[in-house]
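Here is model_4.cif, consisting of mmCIF, C-alpha atoms:
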data_input
loop_
_atom_site.label_atom_id
_atom_site.label_comp_id
_atom_site.auth_asym_id
_atom_site.auth_seq_id
_atom_site.Cartn_x
_atom_site.Cartn_y
_atom_site.Cartn_z
CA MET X 1 17.66 58.04 39.71
CA ARG X 2 15.06 58.69 37.12
CA SER X 3 11.56 57.95 37.95
CA VAL X 4 9.64 55.34 36.10
CA GLY X 5 7.49 58.05 34.60
CA GLN X 6 10.52 59.83 33.16
CA GLN X 7 11.86 56.57 31.68
CA ARG X 8 8.54 55.79 30.11
CA ARG X 9 8.36 59.30 28.61
CA ARG X 10 11.96 58.99 27.29
CA GLY X 11 11.20 55.54 25.86
CA SER X 12 8.06 56.84 24.37
CA SER X 13 10.04 59.70 22.86
CA ARG X 14 12.59 57.27 21.39
CA ASN X 15 9.80 55.17 19.95
CA ARG X 16 8.24 58.19 18.38
CA SER X 17 11.53 59.34 16.91
CA GLY X 18 12.29 55.81 15.76
CA TRP X 19 8.96 55.55 13.97
CA THR X 20 9.58 58.99 12.50
CA CYS X 21 12.95 57.85 11.17
CA CYS X 22 11.49 54.70 9.72
CA SER X 23 8.66 56.66 8.08
CA ALA X 24 11.13 59.04 6.51
CA THR X 25 13.19 56.13 5.21
CA MET X 26 10.12 54.45 3.69
CA ALA X 27 9.02 57.73 2.16
CA TRP X 28 12.45 58.14 0.59
CA ARG X 29 12.26 54.60 -0.78
CA THR X 30 8.72 54.90 -2.21
CA ARG X 31 8.64 58.46 -3.54
CA PRO X 32 11.43 58.04 -6.14
CA LEU X 33 9.47 55.22 -7.87
CA PRO X 34 6.97 57.46 -9.73
CA LEU X 35 9.72 60.02 -10.23
CA LEU X 36 11.92 57.34 -11.75
CA LEU X 37 9.11 56.18 -14.06
CA LEU X 38 8.47 59.76 -15.13
CA LEU X 39 12.16 60.22 -15.86
CA LEU X 40 12.30 57.02 -17.92
CA PHE X 41 9.18 58.06 -19.87
CA ALA X 42 10.72 61.46 -20.61
CA LEU X 43 13.93 59.84 -21.83
CA ALA X 44 11.98 57.43 -24.07
CA LEU X 45 9.93 60.27 -25.54
CA LEU X 46 13.08 62.27 -26.20
CA PHE X 47 14.63 59.24 -27.91
CA LEU X 48 11.60 58.77 -30.19
CA LEU X 49 11.53 62.44 -31.14
CA GLU X 50 15.23 62.33 -31.94
CA CYS X 51 14.74 59.23 -34.15
CA ASN X 52 11.86 60.82 -36.02
CA CYS X 53 13.83 63.97 -36.63
CA LEU X 54 16.81 61.99 -37.86
CA SER X 55 14.54 59.89 -40.07
CA LEU X 56 12.95 62.99 -41.54
CA ILE X 57 16.33 64.58 -42.16
CA CYS X 58 17.53 61.38 -43.82
CA ARG X 59 14.47 61.18 -46.04
CA LEU X 60 14.80 64.80 -47.09
CA ALA X 61 18.46 64.31 -47.86
CA TRP X 62 17.69 61.10 -49.80
CA ASN X 63 14.90 62.71 -51.81
CA ARG X 64 17.09 65.69 -52.57
CA SER X 65 19.90 63.44 -53.75
CA PHE X 66 17.72 60.92 -55.63
CA PRO X 67 14.51 62.72 -56.67
CA ASN X 68 13.62 60.20 -59.39
CA LEU X 69 13.44 57.16 -57.19
CA GLY X 70 9.84 56.11 -56.63
CA ALA X 71 8.00 54.03 -54.07
CA PRO X 72 8.74 50.32 -53.61
CA ILE X 73 7.16 48.07 -56.23
CA ALA X 74 3.80 46.75 -55.04
CA LYS X 75 2.28 43.41 -55.90
CA ALA X 76 -0.72 43.53 -58.23
CA PRO X 77 -3.81 44.01 -56.03
CA PRO X 78 -6.83 41.74 -56.17
CA LEU X 79 -9.59 42.71 -58.58
CA ARG X 80 -13.11 43.38 -57.39
CA PHE X 81 -14.95 42.00 -60.39
CA LEU X 82 -18.59 42.74 -61.19
CA GLY X 83 -19.09 44.15 -57.74
CA GLY X 84 -19.21 47.87 -57.82
CA GLU X 85 -20.50 50.15 -55.10
CA SER X 86 -24.01 49.51 -53.82
CA GLY X 87 -26.32 51.07 -51.31
CA HIS X 88 -29.66 52.77 -50.76
CA ARG X 89 -30.58 56.27 -51.79
CA ASN X 90 -34.03 57.92 -51.83
CA GLY X 91 -35.66 54.61 -51.13
CA LYS X 92 -34.05 52.91 -54.15
CA THR X 93 -31.35 50.29 -54.35
CA TYR X 94 -28.51 51.30 -56.63
CA VAL X 95 -25.36 49.81 -58.03
CA SER X 96 -22.57 52.19 -58.94
CA SER X 97 -22.01 52.81 -62.63
CA ARG X 98 -18.26 52.69 -62.02
CA PHE X 99 -16.24 49.49 -61.98
CA TYR X 100 -13.23 49.69 -59.71
CA SER X 101 -10.11 47.67 -59.49
CA ASP X 102 -7.52 48.66 -56.93
CA SER X 103 -5.17 49.75 -59.67
CA VAL X 104 -4.73 52.87 -61.75
CA ASP X 105 -2.36 51.60 -64.39
CA GLY X 106 -2.77 47.84 -64.13
CA ARG X 107 0.36 47.50 -62.00
CA THR X 108 0.24 49.51 -58.77
CA ARG X 109 -2.30 50.44 -56.14
CA PRO X 110 -3.36 54.12 -56.09
CA ALA X 111 -2.54 56.28 -53.10
CA SER X 112 -5.16 56.58 -50.38
CA PRO X 113 -7.06 59.89 -50.12
CA ALA X 114 -5.11 60.78 -46.99
CA THR X 115 -1.82 60.64 -48.86
CA THR X 116 -2.96 61.92 -52.26
CA ARG X 117 -1.08 65.02 -53.35
CA ARG X 118 -2.51 68.07 -55.02
CA ALA X 119 -4.14 67.33 -58.37
CA PRO X 120 -1.70 67.80 -61.26
CA THR X 121 -2.12 70.69 -63.64
CA SER X 122 -3.09 70.21 -67.27
CA LYS X 123 0.55 70.67 -68.29
CA GLN X 124 1.72 68.09 -65.75
CA ARG X 125 -0.91 65.60 -66.94
CA GLY X 126 0.19 66.17 -70.51
CA ASN X 127 3.85 65.62 -69.63
CA LEU X 128 3.00 62.43 -67.75
CA LEU X 129 0.97 61.15 -70.67
CA LEU X 130 3.79 61.91 -73.09
CA LYS X 131 6.16 59.86 -70.92
CA ILE X 132 3.68 56.98 -70.96
CA LEU X 133 3.43 57.21 -74.75
CA GLN X 134 7.15 56.77 -75.21
CA THR X 135 7.94 53.55 -77.06
CA ASN X 136 8.38 50.66 -74.64
CA ALA X 137 8.74 46.89 -74.77
CA ARG X 138 4.99 46.33 -75.15
CA SER X 139 4.34 49.02 -77.72
CA ARG X 140 7.27 47.85 -79.86
CA THR X 141 5.39 44.57 -80.39
CA PHE X 142 2.20 46.35 -81.49
CA ALA X 143 2.58 45.59 -85.21
CA LYS X 144 3.32 41.89 -84.75
CA ARG X 145 0.67 41.31 -82.10
CA THR X 146 -1.96 43.12 -84.14
CA ASP X 147 -1.12 41.21 -87.32
CA ASP X 148 -1.17 37.90 -85.45
CA PHE X 149 -4.50 38.75 -83.86
CA PHE X 150 -6.25 39.68 -87.09
CA ARG X 151 -4.67 36.88 -89.13
CA GLY X 152 -5.69 34.30 -86.57
CA HIS X 153 -2.13 33.16 -85.91
CA ARG X 154 -3.09 31.87 -82.46
CA SER X 155 -6.70 32.75 -81.75
CA GLY X 156 -8.38 31.14 -84.76
CA PRO X 157 -9.16 31.84 -88.41
CA PRO X 158 -8.53 35.29 -89.95
CA CYS X 159 -10.91 38.02 -88.82
CA LYS X 160 -13.64 38.98 -91.24
CA ASP X 161 -14.96 41.94 -89.22
CA ARG X 162 -12.40 44.17 -87.53
CA PHE X 163 -13.48 46.44 -84.70
CA PHE X 164 -11.36 48.93 -82.78
CA MET X 165 -11.73 50.81 -79.52
CA ALA X 166 -9.25 53.31 -78.09
CA TRP X 167 -8.73 53.73 -74.36
CA ILE X 168 -6.26 56.34 -73.10
CA SER X 169 -7.43 56.45 -69.48
CA SER X 170 -6.81 54.62 -66.22
CA LEU X 171 -7.73 50.98 -65.92
CA GLU X 172 -10.12 51.65 -63.05
CA ALA X 173 -12.19 53.90 -65.31
CA PHE X 174 -12.94 51.01 -67.67
CA GLY X 175 -16.19 50.16 -65.91
CA PRO X 176 -19.39 48.17 -66.45
CA ARG X 177 -20.66 50.54 -69.12
CA GLU X 178 -17.48 50.16 -71.14
CA LEU X 179 -17.61 46.40 -70.66
CA PHE X 180 -21.23 46.41 -71.74
CA SER X 181 -20.25 48.19 -74.94
CA VAL X 182 -17.99 45.19 -75.59
CA GLU X 183 -20.91 42.87 -74.76
CA SER X 184 -23.25 44.57 -77.21
CA LEU X 185 -20.62 44.41 -79.95
CA PHE X 186 -20.31 40.63 -79.63
CA LYS X 187 -24.08 40.21 -79.31
CA SER X 188 -24.45 41.74 -82.78
CA HIS X 189 -21.16 40.44 -84.21
CA PRO X 190 -20.33 37.13 -82.48
CA HIS X 191 -17.55 36.30 -84.96
CA ALA X 192 -15.92 39.74 -85.02
CA CYS X 193 -12.46 40.59 -83.70
CA LEU X 194 -12.17 43.53 -81.29
CA LEU X 195 -8.81 45.18 -80.67
CA ILE X 196 -8.70 47.63 -77.75
CA VAL X 197 -5.74 49.94 -78.32
CA SER X 198 -4.65 50.93 -74.84
CA ASN X 199 -1.61 51.02 -72.57
CA THR X 200 -3.57 50.43 -69.37
CA MET X 201 -5.79 47.64 -70.70
CA ASP X 202 -2.70 45.87 -72.06
CA SER X 203 -1.86 44.57 -68.59
CA THR X 204 -2.50 41.65 -66.26
CA LEU X 205 -5.56 43.26 -64.72
CA GLY X 206 -6.80 44.36 -68.14
CA SER X 207 -6.63 40.75 -69.26
CA LEU X 208 -8.72 39.76 -66.26
CA LEU X 209 -11.39 42.25 -67.31
CA LEU X 210 -11.56 40.70 -70.77
CA LYS X 211 -11.23 37.09 -69.60
CA PRO X 212 -15.01 36.42 -69.42
CA PHE X 213 -15.29 37.25 -73.13
CA VAL X 214 -12.29 35.14 -74.10
CA GLU X 215 -13.63 32.19 -72.09
CA ARG X 216 -16.87 32.39 -74.09
CA GLY X 217 -14.97 32.19 -77.37
CA PHE X 218 -15.08 35.88 -78.32
CA ARG X 219 -11.97 37.31 -79.91
CA VAL X 220 -10.88 40.40 -78.03
CA ALA X 221 -7.43 41.66 -77.09
CA ALA X 222 -5.78 44.82 -75.76
CA VAL X 223 -2.52 46.08 -77.28
CA SER X 224 -0.35 49.06 -76.33
CA PRO X 225 -0.19 51.50 -79.25
CA ASP X 226 2.95 52.33 -81.16
CA PHE X 227 2.17 55.81 -82.46
CA THR X 228 5.36 55.95 -84.49
CA HIS X 229 4.34 52.81 -86.38
CA LEU X 230 0.71 53.85 -86.77
CA LEU X 231 1.50 57.35 -88.02
CA LYS X 232 4.37 56.36 -90.30
CA ARG X 233 3.94 57.86 -93.78
CA THR X 234 0.95 59.95 -92.70
CA PRO X 235 0.66 63.74 -92.43
CA ALA X 236 0.35 63.41 -88.65
CA ALA X 237 3.76 61.81 -88.10
CA PRO X 238 5.76 65.10 -87.98
CA TRP X 239 3.16 66.61 -85.63
CA PHE X 240 3.48 63.70 -83.21
CA HIS X 241 7.29 63.94 -83.22
CA ARG X 242 7.03 67.66 -82.39
CA LEU X 243 4.60 66.85 -79.60
CA ARG X 244 7.03 64.38 -78.05
CA ARG X 245 9.77 67.00 -78.21
CA ARG X 246 7.45 69.43 -76.32
CA GLU X 247 7.24 71.69 -79.37
CA VAL X 248 3.44 71.47 -79.49
CA SER X 249 1.30 72.86 -76.69
CA PRO X 250 -1.19 70.22 -75.55
CA GLY X 251 -3.62 72.91 -74.41
CA GLU X 252 -6.25 72.79 -71.67
CA VAL X 253 -8.35 69.98 -73.11
CA PRO X 254 -6.99 66.67 -71.73
CA LEU X 255 -4.30 65.46 -74.10
CA GLY X 256 -5.58 61.91 -73.80
CA GLN X 257 -8.86 62.96 -75.38
CA ASN X 258 -7.11 64.46 -78.39
CA LEU X 259 -4.74 61.52 -78.73
CA SER X 260 -7.79 59.26 -78.74
CA ASN X 261 -9.15 61.30 -81.66
CA LEU X 262 -5.85 60.80 -83.47
CA LEU X 263 -5.54 57.12 -82.59
CA ARG X 264 -8.92 56.14 -84.06
CA LEU X 265 -8.05 57.78 -87.36
CA ALA X 266 -4.62 56.11 -87.42
CA VAL X 267 -5.83 52.55 -86.78
CA LEU X 268 -8.58 52.83 -89.39
CA TYR X 269 -6.16 54.26 -91.95
CA LYS X 270 -3.59 51.54 -91.19
CA TYR X 271 -5.89 48.51 -90.99
CA GLY X 272 -9.42 49.43 -92.02
CA GLY X 273 -12.54 48.31 -90.20
CA VAL X 274 -14.97 49.78 -87.68
CA TYR X 275 -14.14 52.16 -84.86
CA VAL X 276 -16.59 52.57 -81.95
CA ASP X 277 -16.30 54.58 -78.76
CA THR X 278 -16.52 52.75 -75.45
CA ASP X 279 -19.78 54.52 -74.57
CA VAL X 280 -21.59 53.22 -77.66
CA ILE X 281 -24.08 50.34 -77.50
CA ILE X 282 -24.19 48.30 -80.71
CA LEU X 283 -27.76 47.34 -81.59
CA LYS X 284 -27.49 45.48 -84.89
CA GLY X 285 -24.93 44.13 -87.34
CA PHE X 286 -22.93 46.55 -89.46
CA GLY X 287 -23.00 44.27 -92.49
CA GLY X 288 -23.41 46.27 -95.66
CA LEU X 289 -21.93 49.47 -94.18
CA ARG X 290 -18.81 50.66 -95.95
CA ASN X 291 -16.94 53.97 -95.81
CA THR X 292 -19.62 55.42 -93.58
CA ILE X 293 -19.79 58.12 -90.97
CA GLY X 294 -22.82 59.32 -89.03
CA ALA X 295 -24.46 62.72 -88.75
CA GLN X 296 -25.12 64.05 -85.27
CA ALA X 297 -27.33 66.94 -86.36
CA VAL X 298 -29.24 68.02 -89.48
CA ASP X 299 -30.83 71.22 -90.68
CA ALA X 300 -34.56 71.03 -89.98
CA GLY X 301 -35.41 72.95 -93.15
CA THR X 302 -33.18 71.30 -95.74
CA GLY X 303 -32.51 67.95 -94.12
CA ASN X 304 -28.78 68.35 -94.84
CA TRP X 305 -26.37 67.37 -92.13
CA THR X 306 -24.76 70.16 -90.13
CA ARG X 307 -22.46 68.17 -87.86
CA LEU X 308 -20.86 64.76 -88.01
CA ASN X 309 -19.42 62.72 -85.16
CA ASN X 310 -16.40 60.43 -84.92
CA ALA X 311 -17.72 58.03 -82.24
CA VAL X 312 -18.64 55.45 -84.92
CA MET X 313 -16.77 55.20 -88.23
CA VAL X 314 -16.58 52.47 -90.87
CA PHE X 315 -13.79 52.81 -93.45
CA ASP X 316 -11.60 50.83 -95.78
CA ARG X 317 -7.88 50.73 -95.22
CA ARG X 318 -6.05 53.85 -96.52
CA HIS X 319 -9.26 55.59 -97.51
CA PRO X 320 -8.45 59.10 -98.84
CA LEU X 321 -10.95 60.73 -96.47
CA LEU X 322 -9.04 59.31 -93.50
CA TYR X 323 -5.84 60.75 -94.97
CA LYS X 324 -7.54 64.16 -95.10
CA PHE X 325 -8.67 63.76 -91.50
CA LEU X 326 -5.10 63.05 -90.38
CA GLN X 327 -3.82 65.99 -92.40
CA GLU X 328 -6.38 68.31 -90.84
CA PHE X 329 -5.48 67.10 -87.36
CA ALA X 330 -1.81 67.97 -87.86
CA MET X 331 -2.41 71.30 -89.57
CA THR X 332 -5.13 72.73 -87.34
CA PHE X 333 -4.54 71.11 -83.94
CA ASP X 334 -5.88 73.23 -81.09
CA GLY X 335 -5.71 71.79 -77.59
CA ASN X 336 -7.86 74.53 -76.05
CA LYS X 337 -11.13 73.90 -77.91
CA TRP X 338 -13.23 70.90 -76.98
CA GLY X 339 -14.21 68.87 -80.04
CA HIS X 340 -12.02 70.89 -82.40
CA ASN X 341 -9.82 67.89 -83.16
CA GLY X 342 -12.68 65.38 -83.05
CA PRO X 343 -16.31 65.83 -84.17
CA TYR X 344 -15.71 69.32 -85.53
CA LEU X 345 -12.66 68.12 -87.44
CA VAL X 346 -14.51 65.39 -89.38
CA SER X 347 -17.33 67.86 -90.00
CA ARG X 348 -14.98 70.51 -91.44
CA VAL X 349 -13.18 68.12 -93.76
CA ALA X 350 -16.30 66.31 -94.98
CA ALA X 351 -17.98 69.63 -95.73
CA ARG X 352 -15.00 70.81 -97.82
CA ILE X 353 -14.76 67.69 -99.99
CA ARG X 354 -18.48 66.98 -100.26
CA GLY X 355 -19.25 66.16 -103.89
CA LYS X 356 -15.60 66.04 -104.99
CA PRO X 357 -14.46 63.01 -107.02
CA GLY X 358 -12.22 60.42 -105.42
CA TYR X 359 -13.85 60.55 -101.99
CA SER X 360 -16.57 57.95 -101.94
CA PHE X 361 -18.29 57.84 -98.57
CA SER X 362 -21.76 57.90 -97.03
CA VAL X 363 -23.22 60.03 -94.28
CA LEU X 364 -26.02 58.31 -92.40
CA PRO X 365 -28.77 60.38 -90.69
CA PRO X 366 -28.68 60.83 -86.89
CA PRO X 367 -31.00 57.89 -86.05
CA ALA X 368 -28.41 55.47 -87.46
CA PHE X 369 -25.72 56.03 -84.80
CA TYR X 370 -26.95 58.91 -82.64
CA PRO X 371 -30.74 58.54 -82.24
CA VAL X 372 -30.78 60.60 -79.04
CA GLY X 373 -28.72 63.74 -78.54
CA TRP X 374 -26.47 64.44 -75.57
CA ASN X 375 -28.96 66.93 -74.13
CA LYS X 376 -31.79 64.35 -74.01
CA ILE X 377 -29.93 61.14 -73.22
CA SER X 378 -30.92 61.34 -69.53
CA THR X 379 -34.56 60.66 -70.45
CA LEU X 380 -33.65 57.12 -71.47
CA PHE X 381 -32.35 56.25 -67.98
CA SER X 382 -35.62 56.83 -66.09
CA GLY X 383 -37.96 54.00 -65.20
CA PRO X 384 -41.73 54.26 -65.74
CA ARG X 385 -43.45 56.85 -63.54
CA ASN X 386 -47.00 56.13 -64.69
CA GLN X 387 -48.91 54.39 -67.46
CA SER X 388 -48.34 57.19 -69.96
CA HIS X 389 -44.60 57.21 -69.27
CA SER X 390 -44.53 53.42 -69.60
CA ARG X 391 -46.01 53.70 -73.11
CA TRP X 392 -43.46 56.38 -74.00
CA ILE X 393 -40.64 54.04 -72.90
CA SER X 394 -42.01 51.15 -74.97
CA GLU X 395 -42.45 53.31 -78.08
CA ASN X 396 -38.96 54.79 -77.88
CA PHE X 397 -37.37 51.43 -77.14
CA GLY X 398 -39.08 49.96 -80.23
CA TRP X 399 -38.12 52.94 -82.40
CA ILE X 400 -34.43 52.88 -81.38
CA ARG X 401 -34.17 49.11 -81.81
CA GLY X 402 -35.69 49.32 -85.27
CA ALA X 403 -34.05 52.47 -86.65
CA SER X 404 -30.55 52.48 -85.16
CA TYR X 405 -27.30 50.59 -85.59
CA SER X 406 -26.03 51.98 -82.30
CA LEU X 407 -26.87 54.22 -79.37
CA HIS X 408 -24.34 56.73 -78.07
CA LEU X 409 -24.66 57.14 -74.29
CA TRP X 410 -22.68 60.40 -74.23
CA ASN X 411 -20.82 59.40 -71.06
CA LYS X 412 -19.63 62.94 -70.47
CA GLN X 413 -23.25 63.81 -69.68
CA SER X 414 -24.66 60.48 -68.47
CA SER X 415 -21.87 58.65 -66.61
CA ARG X 416 -23.29 59.56 -63.20
CA ILE X 417 -26.92 58.82 -64.06
CA LYS X 418 -28.20 55.54 -62.67
CA VAL X 419 -29.97 53.10 -64.97
CA GLU X 420 -33.43 52.59 -63.49
CA GLU X 421 -35.34 49.35 -63.86
CA GLY X 422 -37.79 49.41 -66.74
CA SER X 423 -36.07 52.33 -68.51
CA VAL X 424 -35.22 52.36 -72.20
CA ILE X 425 -31.54 51.80 -71.38
CA SER X 426 -32.26 48.87 -69.06
CA ARG X 427 -34.42 47.21 -71.72
CA ILE X 428 -31.71 47.73 -74.34
CA MET X 429 -29.10 46.28 -71.99
CA LEU X 430 -31.17 43.19 -71.28
CA ASP X 431 -31.77 42.80 -75.01
CA SER X 432 -28.10 43.21 -76.01
CA CYS X 433 -26.13 41.34 -73.35
CA VAL X 434 -23.98 38.22 -73.62
CA ILE X 435 -22.80 38.21 -69.99
CA CYS X 436 -26.12 39.29 -68.59
CA ASN X 437 -25.18 39.31 -64.90
CA LEU X 438 -22.80 42.15 -65.78
CA SER X 439 -25.62 44.12 -67.41
CA SER X 440 -28.01 43.55 -64.52
CA SER X 441 -25.43 44.98 -62.10
CA LEU X 442 -25.91 48.37 -63.78
CA VAL X 443 -29.67 48.53 -63.25
CA HIS X 444 -31.43 50.02 -60.23
CA LYS X 445 -34.00 47.80 -58.66
CA GLU X 446 -36.86 49.01 -56.51
#
Encoded form (structure tokens):
Amino acid sequence: MRSVGQQRRRGSSRNRSGWTCCSATMAWRTRPLPLLLLLLFALALLFLLECNCLSLICRLAWNRSFPNLGAPIAKAPPLRFLGGESGHRNGKTYVSSRFYSDSVDGRTRPASPATTRRAPTSKQRGNLLLKILQTNARSRTFAKRTDDFFRGHRSGPPCKDRFFMAWISSLEAFGPRELFSVESLFKSHPHACLLIVSNTMDSTLGSLLLKPFVERGFRVAAVSPDFTHLLKRTPAAPWFHRLRRREVSPGEVPLGQNLSNLLRLAVLYKYGGVYVDTDVIILKGFGGLRNTIGAQAVDAGTGNWTRLNNAVMVFDRRHPLLYKFLQEFAMTFDGNKWGHNGPYLVSRVAARIRGKPGYSFSVLPPPAFYPVGWNKISTLFSGPRNQSHSRWISENFGWIRGASYSLHLWNKQSSRIKVEEGSVISRIMLDSCVICNLSSSLVHKE
């Protein structure tokens, strides 16, 4: 017989082994849980990677097969009107001189910086612009819409004063300064008709930009240009056809700039009237001006003009000087020299025919249209620093207002300069506005 002590030890041993067995069973049941989760996570990750790879392969195959298909059509984005970018810098409150919509071409939203591709080359930009300039549904109606607009078919009586602007840039670049140029025009010519010849402004969002003027009774419209119609029976028509066939090199200067130079000559030759750049502030009525162009520079000794500019021109329809301008454009086009097809072109032609019969035109001195040169325009943006500077601002403001028909802001040099409160420019803006909350949004305030 076993002693009680031996039975207790054996029972104790069984208990220990039983607990050991149970512990092992529980360990087996609990340990696989994190392992199972880890396995499921690994399988899910593998599945996602496989899907992404397949998606990428599919997209590459799709793009290779259908390279011309673009992104899905986006709804027209909301317009941020009269807002602009504001903030504080160097202790001064500023409002950005740029006016932004969320659209580049009046139809689609631009890509975000994170997804923007490498900037296109000059040749690529030129090719894109040429595609845009192909005749389309809107441009084919240019002649009818323009005739209806000037004849007052829908908008009122026939136009007495015809003004033109050309805009071959993105819609978002048509900012407060450009809109103020429109303001100043109607301040001085409330009954004039302004036609903005532009693909991008001839859009839903472009119409929204111009709506405040239309609601106030001003006659302004944007129409997509039909170059074929405008250049028909002019010396520039063959040149433009060669350009569209890629037989003319657009050069390094942006093609849009040179086409703007051509477009202003074409609309004046076709219809007659006044052309003004979108960075020109109109200061007084142009009544009495006829077949007129302005000098940008004169010889200090003789007083004779040495350079003209094409930012402001007043000409009758089919004036022979305009024909010569168009002829010169086609014969001497050079896309690699800035100004060669613009200010220098009108200067060359006018110098050659000066004094010849059959070309009746006037050249006004620089104060008429260009009272301040591009290299000094920044001085007009600064607010008063002291009493002496305040007097200088008052004197120059009075002189420009009295002597000039317009003021060229030379946006290439001044577009990034802020308009400070109390400056010559701010005083001119307040004096020439018709939608004055728009003008005040351009001015810095202390």
Query - Explicit residue set for the PyMOL selection byres ((chain X and resi 177-189) around 8), as a list of chain:residue names - result: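 Those residues are X:Ser97, X:Arg98, X:Phe174, X:Gly175, X:Pro176, X:Pro190, X:His191, X:Ala192, X:Phe218, X:Thr278, X:Asp279, X:Val280, X:Ile281, X:Ile282, X:Leu283, X:Lys284, X:Gly285, X:Met429, X:Ser432, X:Cys433, X:Val434, X:Ile435, X:Leu438, X:Ser439, X:Leu442.
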Write the residues you've just listed into a file as a PDB file, in the coordinates of the input, and include C-alpha atoms for each of them.
ATOM      1  CA  SER X  97     -22.010  52.810 -62.630  1.00  0.00           C
ATOM      2  CA  ARG X  98     -18.260  52.690 -62.020  1.00  0.00           C
ATOM      3  CA  PHE X 174     -12.940  51.010 -67.670  1.00  0.00           C
ATOM      4  CA  GLY X 175     -16.190  50.160 -65.910  1.00  0.00           C
ATOM      5  CA  PRO X 176     -19.390  48.170 -66.450  1.00  0.00           C
ATOM      6  CA  PRO X 190     -20.330  37.130 -82.480  1.00  0.00           C
ATOM      7  CA  HIS X 191     -17.550  36.300 -84.960  1.00  0.00           C
ATOM      8  CA  ALA X 192     -15.920  39.740 -85.020  1.00  0.00           C
ATOM      9  CA  PHE X 218     -15.080  35.880 -78.320  1.00  0.00           C
ATOM     10  CA  THR X 278     -16.520  52.750 -75.450  1.00  0.00           C
ATOM     11  CA  ASP X 279     -19.780  54.520 -74.570  1.00  0.00           C
ATOM     12  CA  VAL X 280     -21.590  53.220 -77.660  1.00  0.00           C
ATOM     13  CA  ILE X 281     -24.080  50.340 -77.500  1.00  0.00           C
ATOM     14  CA  ILE X 282     -24.190  48.300 -80.710  1.00  0.00           C
ATOM     15  CA  LEU X 283     -27.760  47.340 -81.590  1.00  0.00           C
ATOM     16  CA  LYS X 284     -27.490  45.480 -84.890  1.00  0.00           C
ATOM     17  CA  GLY X 285     -24.930  44.130 -87.340  1.00  0.00           C
ATOM     18  CA  MET X 429     -29.100  46.280 -71.990  1.00  0.00           C
ATOM     19  CA  SER X 432     -28.100  43.210 -76.010  1.00  0.00           C
ATOM     20  CA  CYS X 433     -26.130  41.340 -73.350  1.00  0.00           C
ATOM     21  CA  VAL X 434     -23.980  38.220 -73.620  1.00  0.00           C
ATOM     22  CA  ILE X 435     -22.800  38.210 -69.990  1.00  0.00           C
ATOM     23  CA  LEU X 438     -22.800  42.150 -65.780  1.00  0.00           C
ATOM     24  CA  SER X 439     -25.620  44.120 -67.410  1.00  0.00           C
ATOM     25  CA  LEU X 442     -25.910  48.370 -63.780  1.00  0.00           C
TER      26      LEU X 442
END
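As for CA of Leu308 (chain X) and CA of Gln296 (chain X), they are spaced 5.1 Å apart.
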Report summary line: Across X:Arg318, X:Lys211, X:Lys337, X:Thr204, the smallest distance to Pro250 (chain X), with all atoms listed in the file counted, is shown by X:Lys337
Can you tell me, as a PDB file with C-alpha atoms, in the coordinates of the input, what residues are no more than 8 Å from Phe381 (chain X) when counting only C-alpha atoms, ignoring any on the same chain fewer than 3 positions away?
ATOM      1  CA  ILE X 377     -29.930  61.140 -73.220  1.00  0.00           C
ATOM      2  CA  SER X 378     -30.920  61.340 -69.530  1.00  0.00           C
ATOM      3  CA  ILE X 417     -26.920  58.820 -64.060  1.00  0.00           C
ATOM      4  CA  LYS X 418     -28.200  55.540 -62.670  1.00  0.00           C
ATOM      5  CA  VAL X 419     -29.970  53.100 -64.970  1.00  0.00           C
ATOM      6  CA  GLU X 420     -33.430  52.590 -63.490  1.00  0.00           C
ATOM      7  CA  SER X 423     -36.070  52.330 -68.510  1.00  0.00           C
ATOM      8  CA  VAL X 424     -35.220  52.360 -72.200  1.00  0.00           C
ATOM      9  CA  ILE X 425     -31.540  51.800 -71.380  1.00  0.00           C
ATOM     10  CA  SER X 426     -32.260  48.870 -69.060  1.00  0.00           C
TER      11      SER X 426
END
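Between CA of Gly355 (chain X) and CA of Thr292 (chain X) the separation is 14.9 Å.
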Report task. Take CA of Asp277 (chain X) and CA of Lys356 (chain X) and report the distance between them in Å, one decimal. Result ->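 Rounded to one decimal, the two atoms are 28.6 Å apart.
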Query raised in the report: Got a sec: who's within 9 Å of Leu210 (chain X), counting all atoms listed in the file, leaving out chain neighbours fewer than 4 positions off, as a PyMOL selection string?
Result: chain X and resi 179+205-206+214-215+220-222
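Counting all atoms listed in the file, the residue from X:Asn309, X:Asn437, X:Thr379, X:Ser414 that sits nearest to Pro212 (chain X) is X:Asn437.
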Query raised in the report: Taking the file as shown, what set of residues would the PyMOL selection byres ((chain X and resi 339-349) around 10) give back, as a count of residues only?
Result: 39
Report task. Step by step, work through what the PyMOL selection byres ((chain X and resi 137) around 12) selects in the shown file, and finish by giving those residues as an MDAnalysis selection string. Result -> chainID X and resid 132:136 138:142 199 202 223:226
Starting from 3 Å padding per side, set up an axis-aligned box that covers all listed atoms of region 362-376 of chain X and hand over centre and edge lengths in Å, one decimal, as JSON.
{"center_x": -26.8, "center_y": 61.2, "center_z": -85.5, "size_x": 16.0, "size_y": 17.5, "size_z": 29.0}
Report task. List the neighbours of Gly402 (chain X) out to 12 Å using all atoms listed in the file; skip same-chain residues closer than 5 positions along the sequence, and give me the result as a PyMOL selection string. Result -> chain X and resi 283-284+367-368+371+395-397+407+428
What are the closest atom pairs, with distances in Å to one decimal, for all residues of region 356-384 of chain X lying within 8 Å of region 390-394 of chain X? Consider only C-alpha atoms, order rows by chain and residue number, and present the result as a Markdown table.
| residue | atom | partner | partner_atom | distance |
| --- | --- | --- | --- | --- |
| X:Leu380 | CA | X:Ile393 | CA | 7.8 |
| X:Gly383 | CA | X:Ser390 | CA | 7.9 |
| X:Pro384 | CA | X:Ser390 | CA | 4.8 |
